[in-house]
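K.L.:
This is the structure, below, for whatever I ask next.
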Amino acid sequence: MKTQRQAKIMEIISTKDIETQEQLLSALQEAGFYSTQATISRDIKELRVVKELTSFGTYRYTSAAKENAGTFSARLNTIFRECIISYDYAQNIIVLKTMPGLASAAASAVDAMAMSVVVGTLAGDDTVFIVMRDNNSAAAFCGEIKSLLS
């Protein structure tokens, strides 16, 4: 039953934008799987399901990258936190200022996040341009950067 439920969870999050555990629980119940919120929470941890930022500035559950990629991502996120000096956005473009020589590391960290709202990055020596899908995504991502750097 657990394997079937977890397979259904992966199917649901790959086909629907699920923002909360309650929504996931409801979708499971509609599919004939009756469980508790605590069980769903454990399943999410076991499956390494994470939330990602959508183009609308909201979050949705998605499957995490493989563990090796996750370790690499974690290292790049640490670099990202350490090298950013300032950030700002204009419409759907974010500009990151980094310590000299670290823009490529910051851009790699953004790329490793594999966010669907990021169209692409361009790095110089101490500046990174990030092109987002829309203005809301840029604003939301800057909010994430603020919380990451705080």
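By order of appearance in the structure tokens: chains A, B, ..., then residues from 1 within every chain, and ligands from 1 in the order shown.
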Hey, what's within 7 Å of A:Thr121 if we count only C-alpha atoms and toss same-chain stuff fewer than 4 positions away? As a list in words, please?
P.N.:
Ala107, Val128, Phe129, Ile130 and Val131 of chain A
K.L.:
Those same residues, written as an mmCIF file, in the first residue's frame with N, CA, C and O atoms?
P.N.:
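Saved file again.cif follows:
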```cif
data_model
loop_
_atom_site.group_PDB
_atom_site.id
_atom_site.type_symbol
_atom_site.label_atom_id
_atom_site.label_comp_id
_atom_site.auth_asym_id
_atom_site.auth_seq_id
_atom_site.Cartn_x
_atom_site.Cartn_y
_atom_site.Cartn_z
ATOM 1 N N ALA A 107 26.156 32.106 -10.808
ATOM 2 C CA ALA A 107 25.299 31.692 -11.924
ATOM 3 C C ALA A 107 25.137 30.167 -11.939
ATOM 4 O O ALA A 107 24.048 29.656 -12.185
ATOM 5 N N VAL A 128 26.008 39.003 -12.473
ATOM 6 C CA VAL A 128 25.205 37.932 -13.081
ATOM 7 C C VAL A 128 23.867 38.524 -13.500
ATOM 8 O O VAL A 128 23.227 39.227 -12.726
ATOM 9 N N PHE A 129 23.464 38.231 -14.733
ATOM 10 C CA PHE A 129 22.120 38.550 -15.197
ATOM 11 C C PHE A 129 21.321 37.259 -15.191
ATOM 12 O O PHE A 129 21.771 36.243 -15.718
ATOM 13 N N ILE A 130 20.136 37.319 -14.599
ATOM 14 C CA ILE A 130 19.239 36.165 -14.590
ATOM 15 C C ILE A 130 17.956 36.601 -15.285
ATOM 16 O O ILE A 130 17.319 37.564 -14.859
ATOM 17 N N VAL A 131 17.594 35.902 -16.339
ATOM 18 C CA VAL A 131 16.356 36.197 -17.052
ATOM 19 C C VAL A 131 15.292 35.241 -16.532
ATOM 20 O O VAL A 131 15.448 34.022 -16.595
#
```
K.L.:
Can you pull out the residues contacting A:Ser116? Cut-off 10 Å, using only C-alpha atoms, and skip same-chain residues under 6 positions away; I want them as a list in words.
P.N.:
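Those residues are Glu52, Leu53, Thr54, Ser55, Met132 and Arg133 of chain A.
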K.L.:
Next, write the just-selected residues to a file, as a PDB file, in the first residue's frame, keeping N, CA and C atoms as the atom set.
P.N.:
```pdb
ATOM      1  N   GLU A  52       8.995  24.055  -5.244  1.00  0.00           N
ATOM      2  CA  GLU A  52       9.703  24.948  -6.147  1.00  0.00           C
ATOM      3  C   GLU A  52       8.822  26.155  -6.437  1.00  0.00           C
ATOM      4  N   LEU A  53       9.458  27.230  -6.795  1.00  0.00           N
ATOM      5  CA  LEU A  53       8.763  28.462  -7.130  1.00  0.00           C
ATOM      6  C   LEU A  53       8.173  28.345  -8.532  1.00  0.00           C
ATOM      7  N   THR A  54       6.895  28.701  -8.676  1.00  0.00           N
ATOM      8  CA  THR A  54       6.260  28.675  -9.997  1.00  0.00           C
ATOM      9  C   THR A  54       6.382  30.038 -10.656  1.00  0.00           C
ATOM     10  N   SER A  55       6.012  30.124 -11.910  1.00  0.00           N
ATOM     11  CA  SER A  55       6.078  31.396 -12.632  1.00  0.00           C
ATOM     12  C   SER A  55       5.065  32.409 -12.100  1.00  0.00           C
ATOM     13  N   MET A 132      14.217  35.827 -16.002  1.00  0.00           N
ATOM     14  CA  MET A 132      13.106  35.052 -15.454  1.00  0.00           C
ATOM     15  C   MET A 132      11.967  35.022 -16.475  1.00  0.00           C
ATOM     16  N   ARG A 133      11.028  34.108 -16.294  1.00  0.00           N
ATOM     17  CA  ARG A 133       9.900  33.989 -17.230  1.00  0.00           C
ATOM     18  C   ARG A 133       8.972  35.205 -17.174  1.00  0.00           C
TER      19      ARG A 133
END
```
K.L.:
Using atom CA of A:Ala138 and atom CA of A:Ser150 as the two end points, give the distance in Å to one decimal.
P.N.:
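Pair atom CA of A:Ala138 / atom CA of A:Ser150 returns 18.3 Å.
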K.L.:
When you look at A:Lys16 with a cut-off of 12 Å (counting only C-alpha atoms), what residues show up, excluding the ones that are within fewer than 3 positions of it in the same chain? I need them as JSON, numbers by chain.
P.N.:
{"A": [8, 9, 10, 11, 12, 13, 19, 20, 23, 24, 27, 28, 59, 60, 61, 62]}
K.L.:
Keeping only C-alpha atoms, write those residues as a tab-separated table (two decimals), in the first residue's frame.
P.N.:
```
chain	number	residue	atom	x	y	z
A	8	LYS	CA	0.46	8.01	-6.71
A	9	ILE	CA	1.99	11.01	-4.89
A	10	MET	CA	4.70	11.25	-7.56
A	11	GLU	CA	2.09	10.98	-10.30
A	12	ILE	CA	-0.08	13.69	-8.72
A	13	ILE	CA	2.73	16.20	-8.22
A	19	GLU	CA	0.91	23.78	-3.01
A	20	THR	CA	0.06	22.20	0.36
A	23	GLN	CA	-4.21	19.62	-1.29
A	24	LEU	CA	-2.06	16.52	-1.76
A	27	ALA	CA	-5.95	14.57	-4.36
A	28	LEU	CA	-4.92	11.21	-2.88
A	59	TYR	CA	5.09	27.21	-4.73
A	60	ARG	CA	4.33	23.66	-5.80
A	61	TYR	CA	5.59	20.23	-4.85
A	62	THR	CA	8.04	18.59	-7.24
```
K.L.:
Separation of atom CA of A:Ala90 and atom CA of A:Leu149, in Å?
P.N.:
19.8 Å
K.L.:
As a PyMOL selection string, which residues of chain A does DSSP assign to strand (DSSP E or B)?
P.N.:
chain A and resi 49-53+59-63+84-90+93-98+118-123+127-132
